[in-house]
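Here is the file model24.cif (mmCIF, C-alpha atoms).
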```cif
data_entry
loop_
_atom_site.label_atom_id
_atom_site.label_comp_id
_atom_site.auth_asym_id
_atom_site.auth_seq_id
_atom_site.Cartn_x
_atom_site.Cartn_y
_atom_site.Cartn_z
CA MET O 1 -0.72 38.30 19.99
CA ALA O 2 2.00 36.16 18.46
CA THR O 3 5.43 35.88 19.95
CA CYS O 4 8.19 36.34 17.41
CA ALA O 5 11.04 35.19 19.61
CA HIS O 6 11.43 31.94 17.66
CA LEU O 7 12.02 33.91 14.46
CA GLU O 8 15.50 34.66 15.77
CA TRP O 9 16.36 30.99 15.44
CA PRO O 10 18.85 30.19 12.64
CA PHE O 11 16.09 28.38 10.70
CA PHE O 12 14.96 31.74 9.31
CA GLU O 13 16.15 34.39 6.88
CA ASP O 14 15.25 38.06 6.88
CA ARG O 15 12.54 37.44 4.28
CA HIS O 16 10.83 35.02 6.66
CA ARG O 17 10.90 37.57 9.47
CA ALA O 18 9.42 40.17 7.15
CA LEU O 19 6.71 37.73 6.08
CA ALA O 20 5.86 36.96 9.72
CA GLU O 21 5.49 40.64 10.53
CA ALA O 22 3.36 41.27 7.45
CA ALA O 23 1.15 38.26 8.15
CA GLU O 24 0.67 39.33 11.77
CA ARG O 25 -0.28 42.90 10.84
CA TRP O 26 -2.68 41.71 8.16
CA ALA O 27 -4.28 39.09 10.39
CA GLN O 28 -4.82 41.63 13.15
CA SER O 29 -6.70 43.90 10.79
CA ARG O 30 -8.55 41.35 8.64
CA LEU O 31 -9.02 38.22 10.76
CA ALA O 32 -9.27 39.40 14.37
CA GLN O 33 -13.06 39.22 14.39
CA ALA O 34 -13.34 36.11 12.25
CA GLY O 35 -15.72 33.36 13.32
CA HIS O 36 -17.81 30.60 11.81
CA PRO O 37 -20.39 32.25 9.55
CA ASP O 38 -23.83 31.03 8.58
CA ASP O 39 -22.84 30.71 4.92
CA LEU O 40 -19.65 28.65 5.16
CA ASP O 41 -19.07 28.28 1.43
CA ARG O 42 -19.39 32.01 0.75
CA GLU O 43 -17.01 32.82 3.59
CA CYS O 44 -14.40 30.38 2.30
CA ARG O 45 -14.53 32.01 -1.12
CA ARG O 46 -14.28 35.46 0.46
CA LEU O 47 -11.26 34.43 2.52
CA ALA O 48 -9.53 32.97 -0.53
CA ALA O 49 -10.12 36.21 -2.39
CA ILE O 50 -8.69 38.45 0.33
CA PHE O 51 -5.72 36.12 0.84
CA GLY O 52 -5.08 36.39 -2.88
CA GLU O 53 -5.42 40.17 -2.92
CA ALA O 54 -2.93 40.43 -0.04
CA GLY O 55 -0.41 38.25 -1.88
CA PHE O 56 -0.19 35.46 0.68
CA LEU O 57 -1.45 32.75 -1.66
CA ALA O 58 1.60 33.28 -3.86
CA HIS O 59 3.42 31.15 -1.28
CA THR O 60 1.01 28.26 -1.84
CA ALA O 61 1.19 28.00 -5.63
CA PRO O 62 4.54 29.05 -7.15
CA ARG O 63 4.72 28.50 -10.90
CA ASP O 64 8.28 27.12 -10.68
CA GLY O 65 7.40 24.49 -8.08
CA ALA O 66 9.80 26.01 -5.55
CA ILE O 67 7.51 25.90 -2.52
CA ASP O 68 9.18 27.45 0.54
CA VAL O 69 7.96 25.34 3.46
CA ARG O 70 9.10 27.81 6.10
CA SER O 71 6.94 30.50 4.53
CA LEU O 72 3.92 28.19 4.54
CA CYS O 73 4.54 27.30 8.18
CA ILE O 74 4.86 30.94 9.21
CA CYS O 75 1.59 31.80 7.50
CA ARG O 76 -0.31 28.82 8.88
CA GLU O 77 0.98 29.43 12.42
CA THR O 78 0.05 33.11 12.27
CA PHE O 79 -3.39 32.73 10.68
CA ALA O 80 -4.32 29.85 13.03
CA GLN O 81 -4.02 32.19 16.00
CA TYR O 82 -6.86 34.31 14.62
CA SER O 83 -9.16 32.01 12.67
CA GLY O 84 -9.20 28.27 12.16
CA LEU O 85 -11.38 28.65 9.08
CA ALA O 86 -9.06 31.23 7.52
CA GLU O 87 -6.08 28.99 8.23
CA PHE O 88 -7.92 26.10 6.59
CA VAL O 89 -8.66 28.12 3.45
CA PHE O 90 -5.03 29.18 3.15
CA ALA O 91 -3.76 25.64 3.69
CA MET O 92 -6.10 24.00 1.19
CA GLN O 93 -5.03 26.36 -1.57
CA GLY O 94 -1.57 24.90 -1.07
CA LEU O 95 -2.44 21.24 -0.62
CA GLY O 96 -5.00 21.27 -3.42
CA SER O 97 -2.66 22.82 -5.95
CA GLY O 98 0.57 21.35 -4.55
CA PRO O 99 0.65 18.37 -6.94
CA ILE O 100 0.38 20.72 -9.92
CA SER O 101 3.06 23.04 -8.60
CA LEU O 102 5.45 20.20 -7.76
CA PHE O 103 4.75 17.70 -10.55
CA GLY O 104 2.49 19.32 -13.14
CA SER O 105 3.36 20.13 -16.74
CA ASP O 106 4.03 23.72 -17.74
CA PRO O 107 0.58 24.04 -19.39
CA LEU O 108 -1.14 22.76 -16.23
CA ARG O 109 0.84 25.15 -14.07
CA ALA O 110 0.01 28.06 -16.35
CA GLU O 111 -3.70 27.17 -16.40
CA TYR O 112 -4.31 26.67 -12.68
CA LEU O 113 -1.64 28.15 -10.44
CA PRO O 114 -2.08 31.87 -11.23
CA ARG O 115 -5.79 31.59 -10.40
CA VAL O 116 -5.05 29.79 -7.15
CA ALA O 117 -2.48 32.41 -6.17
CA ALA O 118 -4.97 35.19 -6.93
CA GLY O 119 -7.69 33.55 -4.85
CA LYS O 120 -9.86 33.24 -7.95
CA ALA O 121 -9.93 29.43 -8.00
CA ILE O 122 -10.49 27.07 -5.08
CA ALA O 123 -8.34 23.93 -5.07
CA ALA O 124 -8.96 20.45 -3.59
CA PHE O 125 -6.86 17.34 -3.01
CA ALA O 126 -8.98 14.22 -3.62
CA ILE O 127 -7.20 11.09 -2.48
CA SER O 128 -9.14 9.55 0.44
CA GLU O 129 -11.85 6.93 0.03
CA ARG O 130 -14.08 5.19 2.54
CA GLU O 131 -11.77 2.17 2.52
CA ALA O 132 -8.58 4.01 1.61
CA GLY O 133 -7.51 6.73 4.02
CA SER O 134 -3.93 6.45 5.18
CA ASP O 135 -3.69 3.23 3.11
CA VAL O 136 -3.30 4.96 -0.23
CA GLY O 137 -2.50 1.66 -1.89
CA ALA O 138 -6.12 0.57 -1.33
CA ILE O 139 -7.53 3.24 -3.68
CA ALA O 140 -10.27 1.70 -5.82
CA THR O 141 -11.27 4.68 -8.00
CA SER O 142 -10.24 3.79 -11.54
CA ALA O 143 -9.16 5.74 -14.60
CA ARG O 144 -9.09 3.82 -17.90
CA VAL O 145 -7.59 5.27 -21.04
CA ASP O 146 -10.02 5.92 -23.89
CA GLY O 147 -8.18 7.57 -26.75
CA SER O 148 -7.11 11.07 -25.73
CA HIS O 149 -9.10 10.87 -22.49
CA VAL O 150 -9.30 8.84 -19.32
CA VAL O 151 -12.62 7.74 -17.91
CA ILE O 152 -12.81 7.98 -14.12
CA ASP O 153 -15.19 5.88 -12.04
CA GLY O 154 -15.39 5.61 -8.27
CA GLU O 155 -15.91 7.60 -5.11
CA LYS O 156 -13.82 9.85 -2.89
CA ALA O 157 -14.55 10.49 0.78
CA TRP O 158 -13.81 13.22 3.33
CA ILE O 159 -12.61 15.66 0.67
CA SER O 160 -11.97 19.17 1.94
CA ASN O 161 -13.47 21.89 -0.27
CA ALA O 162 -15.90 19.38 -1.81
CA GLY O 163 -18.68 21.41 -3.33
CA ILE O 164 -16.83 24.73 -3.52
CA ALA O 165 -13.64 23.72 -5.35
CA ASP O 166 -13.11 24.88 -8.91
CA PHE O 167 -10.91 21.84 -9.54
CA TYR O 168 -9.84 18.63 -7.83
CA VAL O 169 -6.55 16.76 -8.08
CA VAL O 170 -7.92 13.21 -8.16
CA PHE O 171 -5.88 10.06 -7.54
CA ALA O 172 -7.12 6.99 -9.40
CA ARG O 173 -5.93 3.53 -10.34
CA THR O 174 -4.61 3.20 -13.88
CA GLY O 175 -2.61 0.00 -13.48
CA GLU O 176 -1.73 -2.84 -11.13
CA GLY O 177 -2.87 -2.95 -7.52
CA GLY O 178 -1.23 -1.67 -4.37
CA GLY O 179 0.89 1.44 -4.31
CA LYS O 180 1.84 1.04 -7.96
CA GLY O 181 -0.44 1.87 -10.83
CA LEU O 182 -1.90 5.10 -9.45
CA SER O 183 -2.09 8.31 -11.45
CA ALA O 184 -3.26 11.83 -10.63
CA PHE O 185 -5.54 13.99 -12.77
CA VAL O 186 -6.94 17.50 -12.55
CA VAL O 187 -10.73 17.34 -12.79
CA ASP O 188 -12.56 20.62 -13.18
CA ALA O 189 -15.73 21.16 -11.19
CA GLY O 190 -18.67 20.86 -13.57
CA THR O 191 -17.07 18.07 -15.61
CA PRO O 192 -19.88 15.70 -16.65
CA GLY O 193 -19.85 12.61 -14.46
CA LEU O 194 -18.47 14.37 -11.37
CA THR O 195 -20.96 15.04 -8.58
CA VAL O 196 -20.73 16.01 -4.95
CA SER O 197 -22.75 13.13 -3.53
CA GLU O 198 -22.82 14.32 0.07
CA ARG O 199 -21.75 17.21 2.29
CA VAL O 200 -20.52 16.32 5.77
CA ASP O 201 -20.75 18.44 8.90
CA VAL O 202 -17.72 18.24 11.18
CA SER O 203 -16.87 19.55 14.64
CA ALA O 204 -14.66 22.33 13.28
CA PRO O 205 -16.86 23.56 10.42
CA HIS O 206 -15.33 23.63 6.97
CA PRO O 207 -16.45 22.38 3.55
CA LEU O 208 -16.12 18.59 3.53
CA GLY O 209 -17.86 16.03 1.40
CA MET O 210 -18.01 12.97 -0.80
CA LEU O 211 -17.38 12.89 -4.55
CA ARG O 212 -18.75 10.45 -7.10
CA PHE O 213 -17.28 9.81 -10.56
CA GLU O 214 -19.42 8.05 -13.13
CA ASN O 215 -18.02 7.79 -16.64
CA CYS O 216 -16.21 11.08 -15.99
CA ARG O 217 -14.09 11.88 -19.06
CA VAL O 218 -10.92 13.91 -18.53
CA PRO O 219 -8.25 14.72 -21.14
CA VAL O 220 -5.03 12.76 -20.69
CA SER O 221 -3.28 16.14 -20.81
CA LYS O 222 -4.78 16.79 -17.35
CA ARG O 223 -2.57 14.08 -15.83
CA VAL O 224 -0.26 15.35 -13.09
CA GLY O 225 3.15 13.69 -13.29
CA GLU O 226 3.94 10.45 -15.03
CA ALA O 227 1.43 7.69 -15.65
CA GLY O 228 1.47 5.15 -12.85
CA ARG O 229 3.47 7.47 -10.58
CA GLY O 230 0.55 8.85 -8.62
CA MET O 231 1.89 7.47 -5.35
CA ALA O 232 5.06 9.50 -5.81
CA VAL O 233 2.94 12.59 -6.53
CA ALA O 234 0.85 12.04 -3.40
CA LEU O 235 3.77 11.31 -1.08
CA GLY O 236 5.88 14.10 -2.56
CA THR O 237 3.09 16.58 -1.95
CA LEU O 238 2.47 15.40 1.60
CA ASP O 239 6.21 15.52 2.25
CA VAL O 240 6.02 19.27 1.66
CA PHE O 241 2.75 20.02 3.44
CA ARG O 242 2.76 17.64 6.42
CA ALA O 243 5.04 19.77 8.57
CA THR O 244 2.77 22.75 7.93
CA VAL O 245 -0.06 20.91 9.71
CA GLY O 246 2.17 21.05 12.78
CA ALA O 247 2.55 24.78 12.23
CA ALA O 248 -1.24 25.23 12.28
CA ALA O 249 -1.40 23.27 15.54
CA LEU O 250 1.36 25.49 16.87
CA GLY O 251 -0.74 28.57 16.10
CA PHE O 252 -3.75 27.12 17.90
CA ALA O 253 -1.60 26.29 20.93
CA ARG O 254 -0.06 29.77 21.06
CA ARG O 255 -3.52 31.35 21.08
CA ALA O 256 -4.64 28.99 23.84
CA LEU O 257 -1.62 29.88 25.97
CA ALA O 258 -2.24 33.59 25.45
CA GLU O 259 -5.86 33.19 26.57
CA ALA O 260 -4.83 31.13 29.60
CA LEU O 261 -2.16 33.63 30.64
CA ALA O 262 -4.55 36.56 30.40
CA HIS O 263 -7.22 34.76 32.39
CA ALA O 264 -4.84 33.45 35.05
CA SER O 265 -3.38 36.94 35.54
CA SER O 266 -6.77 38.63 36.01
CA ARG O 267 -9.08 36.03 37.55
CA ARG O 268 -9.14 36.23 41.34
CA ALA O 269 -9.95 33.37 43.69
CA PHE O 270 -9.37 32.97 47.41
CA GLY O 271 -7.96 36.46 47.65
CA THR O 272 -5.36 36.24 44.89
CA THR O 273 -5.03 35.70 41.14
CA LEU O 274 -4.98 32.23 39.64
CA SER O 275 -1.44 32.86 38.43
CA GLU O 276 -0.23 32.80 42.04
CA PHE O 277 -1.25 29.17 42.49
CA GLN O 278 1.60 26.72 41.95
CA LEU O 279 -0.59 24.20 40.09
CA VAL O 280 -1.61 26.86 37.59
CA ARG O 281 1.99 28.00 37.18
CA ALA O 282 3.04 24.41 36.54
CA LYS O 283 0.41 24.09 33.80
CA LEU O 284 1.53 27.33 32.18
CA ALA O 285 5.16 26.20 32.28
CA ASP O 286 4.33 22.87 30.68
CA MET O 287 2.23 24.58 28.01
CA ALA O 288 5.02 26.98 27.07
CA THR O 289 7.60 24.18 26.99
CA ALA O 290 5.43 22.01 24.75
CA ILE O 291 4.93 24.92 22.34
CA ASP O 292 8.63 25.62 22.03
CA ALA O 293 9.42 21.92 21.55
CA ALA O 294 6.76 21.68 18.84
CA ALA O 295 8.09 24.80 17.12
CA LEU O 296 11.60 23.36 17.02
CA LEU O 297 10.37 20.17 15.35
CA VAL O 298 8.13 22.00 12.88
CA TYR O 299 10.76 24.46 11.74
CA ARG O 300 13.53 21.87 11.69
CA ALA O 301 11.46 19.87 9.20
CA ALA O 302 10.65 22.97 7.16
CA TRP O 303 14.25 24.21 7.11
CA THR O 304 15.55 20.78 6.17
CA LYS O 305 13.16 20.55 3.24
CA ASP O 306 13.98 24.07 2.03
CA ALA O 307 17.74 24.04 2.59
CA GLN O 308 18.65 20.46 1.76
CA LYS O 309 16.05 19.81 -0.97
CA ARG O 310 15.47 16.23 0.13
CA ARG O 311 12.67 14.08 1.44
CA VAL O 312 11.83 14.82 5.07
CA THR O 313 9.47 11.94 5.71
CA ARG O 314 10.71 11.26 9.23
CA GLU O 315 11.18 14.89 10.22
CA ALA O 316 7.73 15.88 8.91
CA ALA O 317 6.07 12.92 10.63
CA MET O 318 7.73 13.85 13.93
CA ALA O 319 6.70 17.47 13.56
CA LYS O 320 3.11 16.68 12.65
CA ALA O 321 2.62 14.04 15.33
CA PHE O 322 4.26 15.92 18.18
CA ALA O 323 2.86 19.36 17.40
CA THR O 324 -0.74 18.23 17.03
CA GLU O 325 -0.67 16.07 20.16
CA ALA O 326 1.08 18.80 22.15
CA ALA O 327 -1.43 21.39 20.98
CA GLN O 328 -4.29 19.17 22.09
CA ARG O 329 -2.78 19.02 25.60
CA VAL O 330 -2.07 22.76 25.68
CA ILE O 331 -5.60 23.63 24.64
CA ASP O 332 -7.09 21.18 27.12
CA ASP O 333 -5.02 22.81 29.89
CA ALA O 334 -6.24 26.22 28.75
CA VAL O 335 -9.84 25.03 29.03
CA GLN O 336 -9.11 23.78 32.54
CA ILE O 337 -7.54 27.07 33.60
CA MET O 338 -10.47 29.01 32.14
CA GLY O 339 -12.94 26.86 34.08
CA ALA O 340 -16.58 27.28 33.11
CA LEU O 341 -15.65 30.01 30.63
CA GLY O 342 -13.58 27.44 28.75
CA VAL O 343 -16.57 25.34 27.79
CA VAL O 344 -18.92 28.14 26.75
CA ALA O 345 -19.90 27.45 23.14
CA GLY O 346 -18.16 29.85 20.79
CA SER O 347 -15.58 31.07 23.30
CA THR O 348 -12.01 31.18 22.05
CA VAL O 349 -10.63 28.14 23.85
CA GLU O 350 -13.79 26.09 23.24
CA THR O 351 -13.45 26.85 19.53
CA LEU O 352 -9.77 25.92 19.63
CA TYR O 353 -10.68 22.64 21.32
CA ARG O 354 -12.85 21.76 18.32
CA GLU O 355 -10.31 23.08 15.82
CA ILE O 356 -7.34 21.05 17.06
CA ARG O 357 -8.97 17.63 17.19
CA PRO O 358 -9.20 17.05 13.42
CA LEU O 359 -5.53 17.96 12.90
CA ARG O 360 -4.56 14.81 14.79
CA ILE O 361 -6.25 12.88 11.96
CA TYR O 362 -5.95 14.97 8.77
CA GLU O 363 -3.06 14.18 6.40
CA GLY O 364 -2.15 11.06 8.32
CA ALA O 365 -3.31 10.30 11.86
CA THR O 366 -0.84 10.42 14.72
CA ASP O 367 -0.64 6.62 14.90
CA ILE O 368 0.27 6.50 11.22
CA GLN O 369 3.01 9.09 11.78
CA ARG O 370 4.43 6.90 14.54
CA LEU O 371 4.55 3.97 12.15
CA VAL O 372 6.31 6.13 9.57
CA ILE O 373 8.90 7.21 12.15
CA ALA O 374 9.47 3.66 13.37
CA ARG O 375 9.83 2.32 9.82
CA SER O 376 12.42 4.97 9.07
CA LEU O 377 14.37 4.05 12.19
CA LEU O 378 14.29 0.34 11.41
CA GLU O 379 15.33 0.85 7.77
CA GLU O 380 18.21 3.01 8.92
CA ASP O 381 19.31 0.35 11.40
CA ALA O 382 19.07 -2.53 8.91
#
```

Final structure tokens representation of the file:
Amino acid sequence: MATCAHLEWPFFEDRHRALAEAAERWAQSRLAQAGHPDDLDRECRRLAAIFGEAGFLAHTAPRDGAIDVRSLCICRETFAQYSGLAEFVFAMQGLGSGPISLFGSDPLRAEYLPRVAAGKAIAAFAISEREAGSDVGAIATSARVDGSHVVIDGEKAWISNAGIADFYVVFARTGEGGGKGLSAFVVDAGTPGLTVSERVDVSAPHPLGMLRFENCRVPVSKRVGEAGRGMAVALGTLDVFRATVGAAALGFARRALAEALAHASSRRAFGTTLSEFQLVRAKLADMATAIDAAALLVYRAAWTKDAQKRRVTREAAMAKAFATEAAQRVIDDAVQIMGALGVVAGSTVETLYREIRPLRIYEGATDIQRLVIARSLLEEDA
């Protein structure tokens, strides 16, 4: 299904090409018939287990903190072409454990990362609140020091893997207001005072919910990074994973184009195939161009992070914003080409239509990415 032509670009090494081939073969055999099951939680755990058994989760949770962003992007792009839910499970193992891998102490890494990589522990990233989404500085959840513990109180909203995670990396206020004074802590599921207060159904089904912390005591040793440096932990983690959201969108778009091409080449109308109509050809051309443009931005950001070992705030924002918006247009065009078949519930392109929409919001909405890009430009020009 996937085209590997872009793997010849100089962004990649032989190990990346080998990973892409392995991921494609595995996805064809294990994910080709994937759908949205009746028992969502059980299926997410099953997917994490088989990802771990196949070795792919090793890319999400390296013990040395050396996350290879190109590898994550290749996996997300490939898995997204077969199953949005599987892609989500893979991605959340990375985002949920990313703060530990990048900023955690050696004991924290040893305790959590091997289980994440094996698919034996489900990870979650708990930063958003009802009044603090993209505005991380508005976080109200608090963590006060009490001897060798901190006591966490507050609520988190829209948390992926809420209810099935074995641990949450929770961002809470330990000092002054605004972006300063935040710290991150690993909170194990089952810790007294932590409850999943609500589960939320969304258009592209995956585990999502609200968390409540009431006098939740966590050892200070569970802190991720330095005290009061939680904003740096959050932004550093998103700096690694944001471009990979674009890679997932890229996978959705590639699948949509493949479906549209197959339909246009076989569907006959007015004595010829749809692919003979100039308007259809124009759509297909625009879809292919948007996909290649998105791929260039995604893998430029990933290569820059891997090769230059620096922040890629602007590059990742561009990749995430452009790729998700482009994928939305590509999938919408695929629905149009498919006609009535494109809006049949459960059909491939209808499912993709529901899968892509949240990616324009998750991990920073498109409008926020535009602000990030503009701020970077203005600071550079100052």

Non-local contacts of range 11-14 of chain O (9 Å; all atoms listed in the file; under 2 positions in same chain excluded) as a PDB file with C-alpha atoms, in the frame of the given file:
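Ended up saving to around.pdb:
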```pdb
ATOM      1  CA  LEU O   7      12.020  33.910  14.460  1.00  0.00           C
ATOM      2  CA  GLU O   8      15.500  34.660  15.770  1.00  0.00           C
ATOM      3  CA  TRP O   9      16.360  30.990  15.440  1.00  0.00           C
ATOM      4  CA  HIS O  16      10.830  35.020   6.660  1.00  0.00           C
ATOM      5  CA  ARG O  17      10.900  37.570   9.470  1.00  0.00           C
ATOM      6  CA  ALA O  18       9.420  40.170   7.150  1.00  0.00           C
ATOM      7  CA  LEU O  19       6.710  37.730   6.080  1.00  0.00           C
ATOM      8  CA  ARG O  70       9.100  27.810   6.100  1.00  0.00           C
ATOM      9  CA  TYR O 299      10.760  24.460  11.740  1.00  0.00           C
ATOM     10  CA  ARG O 300      13.530  21.870  11.690  1.00  0.00           C
ATOM     11  CA  ALA O 302      10.650  22.970   7.160  1.00  0.00           C
ATOM     12  CA  TRP O 303      14.250  24.210   7.110  1.00  0.00           C
ATOM     13  CA  THR O 304      15.550  20.780   6.170  1.00  0.00           C
TER      14      THR O 304
END
```

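Matched in the shown structure by the PyMOL selection byres ((chain O and resi 191) around 12): Val151, Ile152, Asp166, Phe167, Tyr168, Val186, Val187, Asp188, Ala189, Gly190, Pro192, Gly193, Leu194, Thr195, Val196, Arg212, Phe213, Glu214, Asn215, Cys216, Arg217, Val218 and Pro219 of chain O.
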
For this file, the PyMOL selection byres ((chain O and resi 41-56) around 7) selects which residues, as number ranges by chain? O: 37, 39-40, 57-59, 86, 89-90, 117-120, 164, 207

Write the selection just made, keeping C-alpha atoms, as a compact mmCIF listing (two decimals), in the frame of the given file?
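The file below, again_22.txt, is the result:
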```txt
# COMPACT_ATOMS: atom_id res chain seq x y z
CA PRO O 37 -20.39 32.25 9.55
CA ASP O 39 -22.84 30.71 4.92
CA LEU O 40 -19.65 28.65 5.16
CA LEU O 57 -1.45 32.75 -1.66
CA ALA O 58 1.60 33.28 -3.86
CA HIS O 59 3.42 31.15 -1.28
CA ALA O 86 -9.06 31.23 7.52
CA VAL O 89 -8.66 28.12 3.45
CA PHE O 90 -5.03 29.18 3.15
CA ALA O 117 -2.48 32.41 -6.17
CA ALA O 118 -4.97 35.19 -6.93
CA GLY O 119 -7.69 33.55 -4.85
CA LYS O 120 -9.86 33.24 -7.95
CA ILE O 164 -16.83 24.73 -3.52
CA PRO O 207 -16.45 22.38 3.55
```

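We find CA of Glu129 in chain O and CA of Ala232 in chain O to be spaced 18.1 Å apart.
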
So which residues get picked by the PyMOL selection byres ((chain O and resi 247) around 8) here, written as a list of chain:residue names?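 After applying the PyMOL selection byres ((chain O and resi 247) around 8), what remains is O:Cys73, O:Ile74, O:Arg76, O:Glu77, O:Ala243, O:Thr244, O:Val245, O:Gly246, O:Ala248, O:Ala249, O:Leu250, O:Gly251, O:Ala295, O:Val298, O:Ala323.
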
Sorted by chain and rising residue number, list the residues of range 232-281 of chain O at most 10 Å from range 330-351 of chain O (counting only C-alpha atoms), each with its closest atom pair and distance in Å to one decimal, as CSV.
```
residue,atom,partner,partner_atom,distance
O:Leu250,CA,O:Val330,CA,9.8
O:Phe252,CA,O:Ile331,CA,7.8
O:Ala253,CA,O:Val330,CA,5.9
O:Arg254,CA,O:Val330,CA,8.6
O:Arg255,CA,O:Val349,CA,8.3
O:Ala256,CA,O:Ile331,CA,5.5
O:Leu257,CA,O:Ala334,CA,6.5
O:Ala258,CA,O:Ala334,CA,9.0
O:Glu259,CA,O:Ala334,CA,7.3
O:Ala260,CA,O:Ala334,CA,5.2
O:Leu261,CA,O:Ala334,CA,8.7
O:Ala262,CA,O:Met338,CA,9.8
O:His263,CA,O:Met338,CA,6.6
O:Ala264,CA,O:Ile337,CA,7.1
O:Arg267,CA,O:Met338,CA,9.0
O:Leu274,CA,O:Ile337,CA,8.3
O:Ser275,CA,O:Ile337,CA,9.7
O:Leu279,CA,O:Ile337,CA,9.9
O:Val280,CA,O:Ile337,CA,7.2
```

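CA of Phe79 in chain O lies 20.9 Å from CA of Phe125 in chain O.
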
One decimal, in Å: what's the spacing between CA of Ala66 in chain O and CA of Ala234 in chain O?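 Interatomic distance, CA of Ala66 in chain O to CA of Ala234 in chain O: 16.7 Å.
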
Please provide the set of residues having any atom within 8 Å of Ala316 in chain O, restricted to all atoms listed in the file, with same-chain residues fewer than 3 positions apart removed, written as a CSV table (one decimal) with C-alpha atoms, in the coordinates of the input.
```
chain,number,residue,atom,x,y,z
O,239,ASP,CA,6.2,15.5,2.2
O,242,ARG,CA,2.8,17.6,6.4
O,243,ALA,CA,5.0,19.8,8.6
O,298,VAL,CA,8.1,22.0,12.9
O,301,ALA,CA,11.5,19.9,9.2
O,302,ALA,CA,10.6,23.0,7.2
O,312,VAL,CA,11.8,14.8,5.1
O,313,THR,CA,9.5,11.9,5.7
O,319,ALA,CA,6.7,17.5,13.6
O,320,LYS,CA,3.1,16.7,12.6
```

Just the residues within 10 Å of Phe322 in chain O, please, counting all atoms listed in the file, with nothing from its chain fewer than 3 positions along; format it as a PDB file with C-alpha atoms, keeping the file's coordinate frame.
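What follows is the written file selection_13.pdb:
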```pdb
ATOM      1  CA  GLY O 246       2.170  21.050  12.780  1.00  0.00           C
ATOM      2  CA  ALA O 249      -1.400  23.270  15.540  1.00  0.00           C
ATOM      3  CA  ALA O 290       5.430  22.010  24.750  1.00  0.00           C
ATOM      4  CA  ILE O 291       4.930  24.920  22.340  1.00  0.00           C
ATOM      5  CA  ALA O 293       9.420  21.920  21.550  1.00  0.00           C
ATOM      6  CA  ALA O 294       6.760  21.680  18.840  1.00  0.00           C
ATOM      7  CA  ALA O 295       8.090  24.800  17.120  1.00  0.00           C
ATOM      8  CA  LEU O 297      10.370  20.170  15.350  1.00  0.00           C
ATOM      9  CA  VAL O 298       8.130  22.000  12.880  1.00  0.00           C
ATOM     10  CA  ALA O 316       7.730  15.880   8.910  1.00  0.00           C
ATOM     11  CA  ALA O 317       6.070  12.920  10.630  1.00  0.00           C
ATOM     12  CA  MET O 318       7.730  13.850  13.930  1.00  0.00           C
ATOM     13  CA  ALA O 319       6.700  17.470  13.560  1.00  0.00           C
ATOM     14  CA  GLU O 325      -0.670  16.070  20.160  1.00  0.00           C
ATOM     15  CA  ALA O 326       1.080  18.800  22.150  1.00  0.00           C
ATOM     16  CA  ALA O 327      -1.430  21.390  20.980  1.00  0.00           C
ATOM     17  CA  GLN O 328      -4.290  19.170  22.090  1.00  0.00           C
ATOM     18  CA  ARG O 360      -4.560  14.810  14.790  1.00  0.00           C
ATOM     19  CA  THR O 366      -0.840  10.420  14.720  1.00  0.00           C
ATOM     20  CA  GLN O 369       3.010   9.090  11.780  1.00  0.00           C
ATOM     21  CA  ARG O 370       4.430   6.900  14.540  1.00  0.00           C
TER      22      ARG O 370
END
```

Pick the closest to Ser142 in chain O from O:Val233, O:Ala184, O:Leu113, O:Ala124: which is it, counting all atoms listed in the file?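 Between O:Val233, O:Ala184, O:Leu113, O:Ala124, the residue approaching Ser142 in chain O most closely is O:Ala184.
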
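Selecting by distance to (5.4, 20.8, -14.9) with a limit of 9 Å and using all atoms listed in the file, one obtains Arg63, Asp64, Gly65, Ile100, Ser101, Leu102, Phe103, Gly104, Ser105, Asp106, Pro107, Leu108, Arg109, Val224 and Gly225 of chain O.
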
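Among O:Val200, O:Ala321, O:Ala269, O:Met231, the residue with the shortest atom-to-atom distance to Ser160 in chain O, counting all atoms listed in the file, is O:Val200.
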
Using all atoms listed in the file, which of O:Thr237, O:Ser197, O:Gln28, O:Ser266 sits nearest Thr78 in chain O?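 Residue with the minimum atom-to-atom distance to Thr78 in chain O: O:Gln28.
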
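Nearest residue to Glu355 in chain O among O:Gly236, O:Gly177, O:Pro205, O:Gly228 is O:Pro205, counting all atoms listed in the file.
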
Ranking O:Arg314, O:Thr324, O:Thr60, O:Gln81 by minimum distance to Glu379 in chain O and counting all atoms listed in the file, which one comes first?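 Checking each of O:Arg314, O:Thr324, O:Thr60, O:Gln81 against Glu379 in chain O, counting all atoms listed in the file, the winner is O:Arg314.
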